[in-house]
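Next up, upload-v4.pdb (PDB, C-alpha atoms):
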ATOM      1  CA  MET K   1      35.385 -44.938 -54.744
ATOM      2  CA  LYS K   2      39.108 -45.673 -54.548
ATOM      3  CA  ALA K   3      40.739 -48.263 -52.278
ATOM      4  CA  PRO K   4      41.355 -47.139 -48.664
ATOM      5  CA  TRP K   5      45.169 -47.068 -49.071
ATOM      6  CA  HIS K   6      44.755 -44.511 -51.848
ATOM      7  CA  TYR K   7      43.508 -42.022 -49.239
ATOM      8  CA  MET K   8      45.792 -43.068 -46.376
ATOM      9  CA  THR K   9      48.778 -40.879 -45.531
ATOM     10  CA  SER K  10      51.835 -42.082 -43.593
ATOM     11  CA  GLY K  11      50.270 -40.344 -40.561
ATOM     12  CA  ASP K  12      47.161 -42.524 -40.932
ATOM     13  CA  TRP K  13      49.263 -45.702 -41.008
ATOM     14  CA  LEU K  14      51.119 -44.549 -37.901
ATOM     15  CA  VAL K  15      47.849 -43.818 -36.023
ATOM     16  CA  VAL K  16      46.284 -47.170 -37.003
ATOM     17  CA  LEU K  17      49.454 -49.109 -36.157
ATOM     18  CA  LEU K  18      49.816 -47.414 -32.756
ATOM     19  CA  LEU K  19      46.153 -48.064 -31.860
ATOM     20  CA  LEU K  20      46.363 -51.735 -32.905
ATOM     21  CA  CYS K  21      49.650 -52.260 -31.016
ATOM     22  CA  ALA K  22      48.181 -50.618 -27.898
ATOM     23  CA  SER K  23      45.047 -52.784 -28.067
ATOM     24  CA  MET K  24      47.011 -56.012 -28.630
ATOM     25  CA  ALA K  25      49.383 -55.207 -25.769
ATOM     26  CA  GLY K  26      46.308 -54.606 -23.591
ATOM     27  CA  ILE K  27      44.678 -57.883 -24.693
ATOM     28  CA  ALA K  28      47.916 -59.792 -23.964
ATOM     29  CA  TRP K  29      48.185 -58.124 -20.554
ATOM     30  CA  VAL K  30      44.597 -59.050 -19.642
ATOM     31  CA  ALA K  31      44.902 -62.632 -20.977
ATOM     32  CA  THR K  32      48.086 -63.416 -19.043
ATOM     33  CA  ALA K  33      46.684 -62.299 -15.694
ATOM     34  CA  PRO K  34      47.124 -65.046 -13.062
ATOM     35  CA  ARG K  35      44.233 -67.341 -12.184
ATOM     36  CA  GLY K  36      42.124 -65.692  -9.512
ATOM     37  CA  THR K  37      41.301 -67.224  -6.155
ATOM     38  CA  ARG K  38      37.880 -65.892  -5.205
ATOM     39  CA  VAL K  39      34.533 -65.158  -6.827
ATOM     40  CA  ILE K  40      32.898 -61.952  -5.585
ATOM     41  CA  VAL K  41      29.332 -61.070  -6.565
ATOM     42  CA  THR K  42      27.815 -57.643  -6.114
ATOM     43  CA  ARG K  43      24.148 -56.764  -6.516
ATOM     44  CA  SER K  44      23.424 -53.061  -7.188
ATOM     45  CA  GLY K  45      26.926 -52.285  -5.893
ATOM     46  CA  GLN K  46      26.576 -54.261  -2.625
ATOM     47  CA  THR K  47      28.645 -57.409  -2.086
ATOM     48  CA  CYS K  48      26.193 -60.309  -1.706
ATOM     49  CA  PHE K  49      28.269 -63.456  -2.293
ATOM     50  CA  ILE K  50      31.905 -64.509  -1.915
ATOM     51  CA  ALA K  51      33.278 -68.032  -2.539
ATOM     52  CA  PRO K  52      36.653 -69.602  -3.367
ATOM     53  CA  LEU K  53      37.190 -70.297  -7.086
ATOM     54  CA  ASP K  54      38.778 -73.741  -6.526
ATOM     55  CA  GLN K  55      35.685 -75.379  -4.931
ATOM     56  CA  PRO K  56      32.829 -76.486  -7.217
ATOM     57  CA  ARG K  57      29.586 -74.808  -6.182
ATOM     58  CA  SER K  58      26.419 -73.417  -7.693
ATOM     59  CA  VAL K  59      24.208 -70.652  -6.369
ATOM     60  CA  ASP K  60      21.077 -68.675  -7.271
ATOM     61  CA  LEU K  61      21.548 -64.925  -7.012
ATOM     62  CA  ASP K  62      18.438 -62.782  -6.563
ATOM     63  CA  GLY K  63      18.240 -59.622  -8.638
ATOM     64  CA  PRO K  64      15.421 -57.189  -9.510
ATOM     65  CA  LEU K  65      14.326 -59.358 -12.489
ATOM     66  CA  GLY K  66      14.657 -62.762 -10.801
ATOM     67  CA  GLN K  67      17.304 -65.404 -10.193
ATOM     68  CA  THR K  68      20.677 -65.505 -11.946
ATOM     69  CA  HIS K  69      22.245 -68.970 -11.699
ATOM     70  CA  LEU K  70      26.011 -68.982 -11.118
ATOM     71  CA  VAL K  71      28.129 -72.155 -11.417
ATOM     72  CA  ILE K  72      31.716 -72.441 -10.167
ATOM     73  CA  ASP K  73      33.703 -75.443 -11.485
ATOM     74  CA  ASP K  74      37.166 -76.249 -12.882
ATOM     75  CA  GLN K  75      36.525 -74.002 -15.928
ATOM     76  CA  GLY K  76      35.947 -71.013 -13.685
ATOM     77  CA  ALA K  77      32.799 -69.123 -12.738
ATOM     78  CA  ARG K  78      29.997 -68.833 -15.284
ATOM     79  CA  ILE K  79      26.353 -67.816 -15.479
ATOM     80  CA  THR K  80      24.135 -70.646 -16.753
ATOM     81  CA  ALA K  81      20.653 -69.130 -16.434
ATOM     82  CA  SER K  82      19.394 -65.587 -16.177
ATOM     83  CA  PRO K  83      16.056 -63.747 -16.514
ATOM     84  CA  CYS K  84      17.561 -60.889 -18.586
ATOM     85  CA  PRO K  85      16.395 -60.313 -22.207
ATOM     86  CA  HIS K  86      19.664 -60.631 -24.177
ATOM     87  CA  LYS K  87      21.443 -63.389 -22.123
ATOM     88  CA  LEU K  88      24.744 -61.608 -22.690
ATOM     89  CA  CYS K  89      25.973 -62.671 -19.257
ATOM     90  CA  ILE K  90      25.607 -66.344 -20.293
ATOM     91  CA  ALA K  91      27.318 -65.621 -23.629
ATOM     92  CA  MET K  92      30.309 -64.144 -21.764
ATOM     93  CA  GLY K  93      31.348 -67.715 -20.840
ATOM     94  CA  PRO K  94      33.539 -68.649 -17.894
ATOM     95  CA  ALA K  95      35.680 -66.171 -15.942
ATOM     96  CA  ARG K  96      38.804 -67.401 -14.134
ATOM     97  CA  HIS K  97      41.602 -64.828 -14.472
ATOM     98  CA  SER K  98      42.128 -62.306 -11.739
ATOM     99  CA  GLY K  99      40.094 -59.226 -12.626
ATOM    100  CA  ASP K 100      37.726 -61.046 -15.039
ATOM    101  CA  LEU K 101      34.195 -59.760 -14.987
ATOM    102  CA  LEU K 102      30.758 -61.176 -15.775
ATOM    103  CA  ALA K 103      28.037 -58.572 -15.795
ATOM    104  CA  CYS K 104      24.283 -58.917 -16.012
ATOM    105  CA  ILE K 105      23.289 -55.284 -16.210
ATOM    106  CA  PRO K 106      19.480 -55.792 -16.446
ATOM    107  CA  ASN K 107      19.501 -57.955 -13.301
ATOM    108  CA  ARG K 108      22.132 -55.715 -11.592
ATOM    109  CA  ILE K 109      24.452 -58.682 -10.942
ATOM    110  CA  LEU K 110      28.215 -58.248 -11.257
ATOM    111  CA  VAL K 111      30.505 -61.281 -10.836
ATOM    112  CA  ARG K 112      34.226 -60.662 -10.610
ATOM    113  CA  ILE K 113      37.297 -62.744  -9.929
ATOM    114  CA  ASP K 114      39.587 -61.440  -7.229
ATOM    115  CA  LYS K 115      43.357 -61.713  -7.087
ATOM    116  CA  PRO K 116      45.095 -63.435  -4.160
ATOM    117  CA  GLY K 117      45.037 -61.085  -1.166
ATOM    118  CA  GLY K 118      42.530 -58.732  -2.850
ATOM    119  CA  GLU K 119      40.328 -56.081  -1.190
ATOM    120  CA  GLU K 120      37.486 -57.377   1.044
ATOM    121  CA  ALA K 121      39.891 -59.937   2.563
ATOM    122  CA  PRO K 122      38.086 -60.917   5.799
ATOM    123  CA  TYR K 123      35.741 -63.529   4.244
ATOM    124  CA  ASP K 124      36.415 -66.789   2.450
ATOM    125  CA  LEU K 125      32.760 -67.582   2.055
ATOM    126  CA  LEU K 126      29.827 -65.216   2.321
ATOM    127  CA  SER K 127      26.231 -65.460   1.216
ATOM    128  CA  ARG K 128      23.418 -63.055   1.983
TER     129      ARG K 128
ATOM    130  CA  MET S 129      19.503 -19.498 -61.987
ATOM    131  CA  THR S 130      19.013 -15.885 -60.890
ATOM    132  CA  CYS S 131      20.371 -14.945 -57.481
ATOM    133  CA  SER S 132      22.602 -12.039 -58.402
ATOM    134  CA  ALA S 133      20.966  -9.716 -55.814
ATOM    135  CA  VAL S 134      21.936 -11.984 -52.903
ATOM    136  CA  ASP S 135      24.941 -11.139 -50.740
ATOM    137  CA  PRO S 136      27.499 -13.961 -51.324
ATOM    138  CA  VAL S 137      28.381 -14.198 -47.597
ATOM    139  CA  GLN S 138      24.704 -14.516 -46.667
ATOM    140  CA  LEU S 139      24.237 -17.082 -49.414
ATOM    141  CA  ALA S 140      27.192 -19.142 -48.158
ATOM    142  CA  GLY S 141      25.737 -19.024 -44.611
ATOM    143  CA  ALA S 142      22.318 -20.179 -45.762
ATOM    144  CA  ARG S 143      23.883 -22.895 -47.888
ATOM    145  CA  ARG S 144      25.926 -24.105 -44.904
ATOM    146  CA  GLN S 145      22.795 -24.276 -42.716
ATOM    147  CA  VAL S 146      20.950 -26.313 -45.319
ATOM    148  CA  PHE S 147      23.842 -28.741 -45.799
ATOM    149  CA  VAL S 148      24.508 -29.213 -42.058
ATOM    150  CA  ALA S 149      20.776 -29.944 -41.604
ATOM    151  CA  LEU S 150      20.997 -32.454 -44.450
ATOM    152  CA  PHE S 151      24.063 -34.101 -42.847
ATOM    153  CA  VAL S 152      22.141 -34.395 -39.537
ATOM    154  CA  ALA S 153      19.173 -35.970 -41.339
ATOM    155  CA  VAL S 154      21.396 -38.517 -43.112
ATOM    156  CA  ALA S 155      23.296 -39.281 -39.874
ATOM    157  CA  VAL S 156      20.032 -39.877 -37.920
ATOM    158  CA  THR S 157      18.662 -42.131 -40.672
ATOM    159  CA  VAL S 158      21.857 -44.191 -40.963
ATOM    160  CA  HIS S 159      22.114 -44.465 -37.161
ATOM    161  CA  ALA S 160      18.482 -45.589 -36.791
ATOM    162  CA  LEU S 161      18.780 -48.192 -39.558
ATOM    163  CA  GLU S 162      22.060 -49.473 -38.137
ATOM    164  CA  THR S 163      20.545 -49.787 -34.647
ATOM    165  CA  LEU S 164      17.464 -51.630 -35.922
ATOM    166  CA  LEU S 165      19.561 -54.090 -37.933
ATOM    167  CA  PRO S 166      19.821 -57.418 -36.050
ATOM    168  CA  MET S 167      23.407 -58.132 -34.994
ATOM    169  CA  PRO S 168      25.036 -61.134 -33.289
ATOM    170  CA  VAL S 169      26.120 -58.908 -30.396
ATOM    171  CA  PRO S 170      23.813 -55.981 -29.505
ATOM    172  CA  TRP S 171      26.584 -53.431 -28.941
ATOM    173  CA  LEU S 172      28.450 -54.260 -32.161
ATOM    174  CA  ARG S 173      27.923 -51.318 -34.549
ATOM    175  CA  LEU S 174      29.924 -49.916 -37.420
ATOM    176  CA  GLY S 175      29.086 -46.327 -36.482
ATOM    177  CA  LEU S 176      28.317 -45.238 -40.044
ATOM    178  CA  ALA S 177      26.699 -42.027 -38.755
ATOM    179  CA  ASN S 178      30.251 -40.841 -38.071
ATOM    180  CA  VAL S 179      30.732 -40.520 -41.855
ATOM    181  CA  MET S 180      28.519 -37.402 -41.670
ATOM    182  CA  THR S 181      30.400 -35.948 -38.658
ATOM    183  CA  LEU S 182      33.688 -36.344 -40.558
ATOM    184  CA  THR S 183      32.170 -34.822 -43.695
ATOM    185  CA  ALA S 184      30.971 -31.799 -41.697
ATOM    186  CA  LEU S 185      34.439 -31.455 -40.123
ATOM    187  CA  TYR S 186      36.318 -31.591 -43.436
ATOM    188  CA  LEU S 187      33.928 -29.515 -45.564
ATOM    189  CA  TYR S 188      33.061 -26.950 -42.871
ATOM    190  CA  ASP S 189      34.624 -26.869 -39.404
ATOM    191  CA  GLY S 190      34.561 -28.204 -35.826
ATOM    192  CA  ARG S 191      31.333 -26.373 -35.007
ATOM    193  CA  ALA S 192      29.503 -28.157 -37.846
ATOM    194  CA  ALA S 193      30.953 -31.497 -36.651
ATOM    195  CA  TRP S 194      29.628 -30.858 -33.105
ATOM    196  CA  THR S 195      26.184 -29.987 -34.502
ATOM    197  CA  VAL S 196      26.022 -33.203 -36.541
ATOM    198  CA  SER S 197      27.270 -35.540 -33.784
ATOM    199  CA  LEU S 198      25.211 -34.101 -30.891
ATOM    200  CA  ALA S 199      22.036 -33.704 -32.968
ATOM    201  CA  ARG S 200      22.475 -37.276 -34.217
ATOM    202  CA  VAL S 201      22.676 -38.661 -30.653
ATOM    203  CA  GLY S 202      19.720 -36.562 -29.442
ATOM    204  CA  ILE S 203      17.353 -37.043 -32.383
ATOM    205  CA  GLY S 204      18.405 -40.676 -32.855
ATOM    206  CA  ALA S 205      17.621 -41.497 -29.199
ATOM    207  CA  LEU S 206      14.297 -39.632 -29.392
ATOM    208  CA  LEU S 207      13.325 -41.534 -32.531
ATOM    209  CA  LEU S 208      14.255 -44.938 -31.058
ATOM    210  CA  GLY S 209      12.664 -44.190 -27.657
ATOM    211  CA  ARG S 210      15.971 -44.272 -25.773
ATOM    212  CA  LEU S 211      16.270 -40.683 -24.618
ATOM    213  CA  PHE S 212      17.864 -40.559 -21.094
ATOM    214  CA  SER S 213      18.177 -44.386 -20.882
ATOM    215  CA  PRO S 214      21.595 -45.798 -19.798
ATOM    216  CA  GLY S 215      22.348 -46.561 -23.465
ATOM    217  CA  PHE S 216      21.708 -42.913 -24.336
ATOM    218  CA  TRP S 217      24.260 -41.652 -21.787
ATOM    219  CA  LEU S 218      26.819 -44.162 -23.094
ATOM    220  CA  ALA S 219      26.192 -43.007 -26.674
ATOM    221  CA  LEU S 220      26.407 -39.340 -25.642
ATOM    222  CA  ALA S 221      29.688 -39.837 -23.748
ATOM    223  CA  GLY S 222      31.092 -41.792 -26.719
ATOM    224  CA  ALA S 223      30.060 -39.044 -29.156
ATOM    225  CA  ILE S 224      31.504 -36.228 -27.001
ATOM    226  CA  VAL S 225      34.913 -37.896 -26.540
ATOM    227  CA  ALA S 226      35.018 -39.034 -30.200
ATOM    228  CA  THR S 227      34.118 -35.594 -31.605
ATOM    229  CA  SER S 228      36.618 -33.786 -29.330
ATOM    230  CA  ALA S 229      39.367 -36.258 -30.300
ATOM    231  CA  MET S 230      38.629 -35.941 -34.030
ATOM    232  CA  ILE S 231      38.548 -32.117 -33.996
ATOM    233  CA  ILE S 232      41.777 -31.894 -31.984
ATOM    234  CA  MET S 233      43.562 -34.386 -34.259
ATOM    235  CA  TYR S 234      42.271 -32.610 -37.382
ATOM    236  CA  ARG S 235      43.569 -29.258 -36.086
ATOM    237  CA  ILE S 236      46.968 -30.630 -35.023
ATOM    238  CA  ALA S 237      47.662 -32.894 -38.002
ATOM    239  CA  GLY S 238      45.879 -30.994 -40.800
ATOM    240  CA  ARG S 239      46.728 -32.557 -44.158
ATOM    241  CA  ARG S 240      49.078 -35.134 -42.622
ATOM    242  CA  LEU S 241      46.009 -37.216 -41.666
ATOM    243  CA  SER S 242      43.232 -38.267 -44.034
ATOM    244  CA  PRO S 243      39.663 -38.834 -42.759
ATOM    245  CA  ILE S 244      40.719 -42.476 -42.177
ATOM    246  CA  GLY S 245      43.307 -41.618 -39.498
ATOM    247  CA  VAL S 246      40.999 -39.028 -37.902
ATOM    248  CA  SER S 247      38.164 -41.589 -37.891
ATOM    249  CA  ALA S 248      40.373 -44.249 -36.239
ATOM    250  CA  ILE S 249      41.204 -41.749 -33.462
ATOM    251  CA  GLY S 250      37.489 -40.915 -33.183
ATOM    252  CA  ALA S 251      36.606 -44.618 -32.896
ATOM    253  CA  ALA S 252      39.161 -45.086 -30.108
ATOM    254  CA  GLY S 253      37.744 -41.989 -28.358
ATOM    255  CA  HIS S 254      34.222 -43.370 -28.761
ATOM    256  CA  ALA S 255      35.213 -46.672 -27.098
ATOM    257  CA  PHE S 256      36.952 -44.772 -24.291
ATOM    258  CA  GLY S 257      33.970 -42.464 -23.703
ATOM    259  CA  GLN S 258      31.501 -45.343 -23.631
ATOM    260  CA  ILE S 259      33.506 -47.399 -21.157
ATOM    261  CA  LEU S 260      34.099 -44.313 -19.004
ATOM    262  CA  ALA S 261      30.321 -43.693 -18.878
ATOM    263  CA  ALA S 262      29.631 -47.394 -18.196
ATOM    264  CA  ARG S 263      32.257 -47.319 -15.401
ATOM    265  CA  MET S 264      30.514 -44.355 -13.770
ATOM    266  CA  LEU S 265      26.840 -45.186 -14.396
ATOM    267  CA  VAL S 266      26.376 -48.932 -14.840
ATOM    268  CA  ILE S 267      29.181 -51.196 -13.585
ATOM    269  CA  GLN S 268      30.793 -48.907 -10.997
ATOM    270  CA  HIS S 269      33.892 -51.064 -10.751
ATOM    271  CA  ALA S 270      37.354 -50.476 -12.239
ATOM    272  CA  ALA S 271      37.403 -54.086 -13.579
ATOM    273  CA  ILE S 272      35.335 -52.902 -16.580
ATOM    274  CA  TRP S 273      38.560 -51.457 -18.059
ATOM    275  CA  GLN S 274      39.611 -55.078 -18.731
ATOM    276  CA  ILE S 275      37.343 -55.157 -21.779
ATOM    277  CA  PHE S 276      38.770 -51.901 -23.175
ATOM    278  CA  PRO S 277      41.684 -53.446 -25.204
ATOM    279  CA  LEU S 278      39.391 -55.926 -26.979
ATOM    280  CA  PHE S 279      36.829 -53.191 -27.617
ATOM    281  CA  LEU S 280      39.591 -50.906 -28.960
ATOM    282  CA  PHE S 281      40.904 -53.602 -31.322
ATOM    283  CA  PHE S 282      37.538 -54.068 -33.086
ATOM    284  CA  THR S 283      36.583 -50.419 -33.018
ATOM    285  CA  VAL S 284      39.783 -49.375 -34.869
ATOM    286  CA  PHE S 285      38.668 -51.476 -37.863
ATOM    287  CA  ALA S 286      35.178 -49.955 -37.721
ATOM    288  CA  GLY S 287      36.877 -46.528 -37.620
ATOM    289  CA  ILE S 288      38.990 -47.295 -40.698
ATOM    290  CA  LEU S 289      35.915 -48.458 -42.620
ATOM    291  CA  THR S 290      33.789 -45.394 -41.758
ATOM    292  CA  GLY S 291      36.814 -43.136 -42.412
ATOM    293  CA  TRP S 292      37.204 -44.697 -45.851
ATOM    294  CA  PHE S 293      33.536 -44.034 -46.708
ATOM    295  CA  ALA S 294      33.940 -40.463 -45.427
ATOM    296  CA  ALA S 295      37.107 -39.938 -47.512
ATOM    297  CA  GLY S 296      35.238 -41.024 -50.656
ATOM    298  CA  LEU S 297      32.223 -38.832 -49.879
ATOM    299  CA  ILE S 298      34.337 -35.773 -49.038
ATOM    300  CA  GLU S 299      36.330 -36.166 -52.269
ATOM    301  CA  LYS S 300      33.092 -36.345 -54.305
ATOM    302  CA  LEU S 301      31.416 -33.397 -52.541
ATOM    303  CA  ARG S 302      34.496 -31.154 -52.886
ATOM    304  CA  GLN S 303      34.113 -31.361 -56.662
ATOM    305  CA  HIS S 304      30.586 -29.908 -56.390
ATOM    306  CA  PRO S 305      30.232 -26.097 -56.817
ATOM    307  CA  ALA S 306      28.198 -25.830 -53.579
ATOM    308  CA  PHE S 307      31.303 -26.744 -51.531
ATOM    309  CA  GLN S 308      33.763 -24.400 -53.184
ATOM    310  CA  ALA S 309      34.622 -20.984 -51.764
ATOM    311  CA  PRO S 310      31.590 -18.583 -51.942
ATOM    312  CA  ALA S 311      33.190 -16.196 -54.468
ATOM    313  CA  GLU S 312      34.140 -19.031 -56.843
ATOM    314  CA  ALA S 313      30.748 -20.686 -56.555
ATOM    315  CA  ASP S 314      28.951 -17.475 -57.478
ATOM    316  CA  THR S 315      30.760 -17.113 -60.780
ATOM    317  CA  ASN S 316      29.161 -20.396 -61.842
ATOM    318  CA  HIS S 317      25.677 -18.905 -62.015
TER     319      HIS S 317
END

Let me see whether you can do it: turn the structure in this file into structure tokens.
Amino acid sequence: MKAPWHYMTSGDWLVVLLLLCASMAGIAWVATAPRGTRVIVTRSGQTCFIAPLDQPRSVDLDGPLGQTHLVIDDQGARITASPCPHKLCIAMGPARHSGDLLACIPNRILVRIDKPGGEEAPYDLLSR
Amino acid sequence: MTCSAVDPVQLAGARRQVFVALFVAVAVTVHALETLLPMPVPWLRLGLANVMTLTALYLYDGRAAWTVSLARVGIGALLLGRLFSPGFWLALAGAIVATSAMIIMYRIAGRRLSPIGVSAIGAAGHAFGQILAARMLVIQHAAIWQIFPLFLFFTVFAGILTGWFAAGLIEKLRQHPAFQAPAEADTNH
């Protein structure tokens, strides 16, 4: 089999370049988002926990599989323990930029960082 | 080989059916092996089954490509016990968007794009379809689109790699008498 550039036409190079530029612009746009102010947790689509991002705190969130342990500190919000099989939510590391997302799909827990003056504005702290 | 009594059009049709079935079988096998292979991140896959979809598109047409991609998703999920699971719907949405994108690009660009460019577009479509399905079925929040650029970046390289394999395979198969025009192929007997 010949090298990939033997097959590639100028159209191919254009397509690949455009896709890579678009993805890098998107990555840069996501990475430069401002630091968020609030941590919002939803369980099966229902908001179950809201806390400010600048106050250290840790909380156990109940999901269908068990408890997901969420820690908020100066690095951001991160999941440190979870009953799910793959532990992807722990591997996702800390979230701190506005719009960042930590998801534990098996345990139906979704943690997201809100921008200043975001949606559900009435609460600074909520736990249920 | 004696098949002089057979109508060449009928023969070409039968030959096409056999080869599309073979492409489906190879795609299902490659997909199953790739899924069972342990990976550092569970959703990280090269998508080698797409080599067969591209081959069907270039050697036959869009209809053959649809057959290979949809049959691969259906039979693959059945074999791995994932039929109608959330992962199945994500895979199906990815395959539908990817196949549509590849066929449209192939028709518009024709010879100006090799299987590598068409595959890169298909990979981007696959990522888009999967995140769209995850947005609707699993996460149900627009914030999931934040992971799309990163996903797109890696998937383009996977698309180039599978497109390269497809380009090599298509080049080899085109030299075989079974994939030449029916009238030409018959003179070889």

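With only C-alpha atoms as the atoms that count, the minimum distance from chain S to the choices K:Pro106, K:Pro34, K:Gly99, K:Gly76 is reached by K:Gly99.
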
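When you apply the PyMOL selection byres ((chain K and resi 96) around 10) to this structure, what comes back is Ala33, Pro34, Arg35, Gly36, Thr37, Arg38, Val39, Leu53, Asp54, Ile72, Asp73, Asp74, Gln75, Gly76, Ala77, Arg78, Pro94, Ala95, His97, Ser98, Gly99, Asp100, Leu101, Arg112, Ile113 and Asp114 of chain K.
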
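Between atom CA of Leu220 of chain S and atom CA of Gly257 of chain S the separation is 8.4 Å.
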
Enumerate, in order of chain and increasing residue number, the residues of chain K with an atom no farther than 8 Å from chain S, each with its shortest atom pair and distance in Å to one decimal, counting all atoms listed in the file, as CSV.
residue,atom,partner,partner_atom,distance
K:Met1,CA,S:Gly296,CA,5.7
K:Lys2,CA,S:Gly296,CA,7.2
K:Pro4,CA,S:Trp292,CA,5.6
K:Tyr7,CA,S:Ser242,CA,6.4
K:Met8,CA,S:Ser242,CA,5.9
K:Thr9,CA,S:Leu241,CA,6.0
K:Ser10,CA,S:Arg240,CA,7.5
K:Gly11,CA,S:Leu241,CA,5.4
K:Asp12,CA,S:Gly245,CA,4.2
K:Trp13,CA,S:Gly245,CA,7.4
K:Val15,CA,S:Gly245,CA,6.1
K:Val16,CA,S:Ala248,CA,6.6
K:Leu19,CA,S:Val284,CA,7.2
K:Leu20,CA,S:Phe281,CA,6.0
K:Ala22,CA,S:Pro277,CA,7.6
K:Ser23,CA,S:Pro277,CA,4.5
K:Met24,CA,S:Pro277,CA,6.8
K:Ala25,CA,S:Pro277,CA,7.9
K:Gly26,CA,S:Pro277,CA,5.0
K:Ile27,CA,S:Pro277,CA,5.4
K:Val30,CA,S:Gln274,CA,6.4
K:Gly45,CA,S:Gln268,CA,7.2
K:Gly99,CA,S:Ala271,CA,5.9
K:Asp100,CA,S:Ala271,CA,7.1
K:Leu101,CA,S:Ala271,CA,6.7
K:Ala103,CA,S:Ile267,CA,7.8
K:Ile105,CA,S:Val266,CA,7.2
K:Leu110,CA,S:Ile267,CA,7.5
K:Arg112,CA,S:Ala271,CA,7.9

Once you have the residues from the selection above, write them out as a PDB file, in the coordinates of the input, restricted to C-alpha atoms.
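The new file selection-v1.pdb reads:
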ATOM      1  CA  MET K   1      35.385 -44.938 -54.744  1.00  0.00           C
ATOM      2  CA  LYS K   2      39.108 -45.673 -54.548  1.00  0.00           C
ATOM      3  CA  PRO K   4      41.355 -47.139 -48.664  1.00  0.00           C
ATOM      4  CA  TYR K   7      43.508 -42.022 -49.239  1.00  0.00           C
ATOM      5  CA  MET K   8      45.792 -43.068 -46.376  1.00  0.00           C
ATOM      6  CA  THR K   9      48.778 -40.879 -45.531  1.00  0.00           C
ATOM      7  CA  SER K  10      51.835 -42.082 -43.593  1.00  0.00           C
ATOM      8  CA  GLY K  11      50.270 -40.344 -40.561  1.00  0.00           C
ATOM      9  CA  ASP K  12      47.161 -42.524 -40.932  1.00  0.00           C
ATOM     10  CA  TRP K  13      49.263 -45.702 -41.008  1.00  0.00           C
ATOM     11  CA  VAL K  15      47.849 -43.818 -36.023  1.00  0.00           C
ATOM     12  CA  VAL K  16      46.284 -47.170 -37.003  1.00  0.00           C
ATOM     13  CA  LEU K  19      46.153 -48.064 -31.860  1.00  0.00           C
ATOM     14  CA  LEU K  20      46.363 -51.735 -32.905  1.00  0.00           C
ATOM     15  CA  ALA K  22      48.181 -50.618 -27.898  1.00  0.00           C
ATOM     16  CA  SER K  23      45.047 -52.784 -28.067  1.00  0.00           C
ATOM     17  CA  MET K  24      47.011 -56.012 -28.630  1.00  0.00           C
ATOM     18  CA  ALA K  25      49.383 -55.207 -25.769  1.00  0.00           C
ATOM     19  CA  GLY K  26      46.308 -54.606 -23.591  1.00  0.00           C
ATOM     20  CA  ILE K  27      44.678 -57.883 -24.693  1.00  0.00           C
ATOM     21  CA  VAL K  30      44.597 -59.050 -19.642  1.00  0.00           C
ATOM     22  CA  GLY K  45      26.926 -52.285  -5.893  1.00  0.00           C
ATOM     23  CA  GLY K  99      40.094 -59.226 -12.626  1.00  0.00           C
ATOM     24  CA  ASP K 100      37.726 -61.046 -15.039  1.00  0.00           C
ATOM     25  CA  LEU K 101      34.195 -59.760 -14.987  1.00  0.00           C
ATOM     26  CA  ALA K 103      28.037 -58.572 -15.795  1.00  0.00           C
ATOM     27  CA  ILE K 105      23.289 -55.284 -16.210  1.00  0.00           C
ATOM     28  CA  LEU K 110      28.215 -58.248 -11.257  1.00  0.00           C
ATOM     29  CA  ARG K 112      34.226 -60.662 -10.610  1.00  0.00           C
TER      30      ARG K 112
END

Within 8 Å of Ala229 of chain S, counting only C-alpha atoms, which residues show up once you throw out same-chain ones fewer than 2 positions away? Write them as a list in words, please.
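Result of the neighbour search: Val225, Ala226, Thr227, Ile231, Ile232, Met233, Ile249, Gly250 and Gly253 of chain S.
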
Between atom CA of Thr183 of chain S and atom CA of Ala294 of chain S, what is the spacing in Å?
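Atom CA of Ala294 of chain S sits 6.2 Å away from atom CA of Thr183 of chain S.
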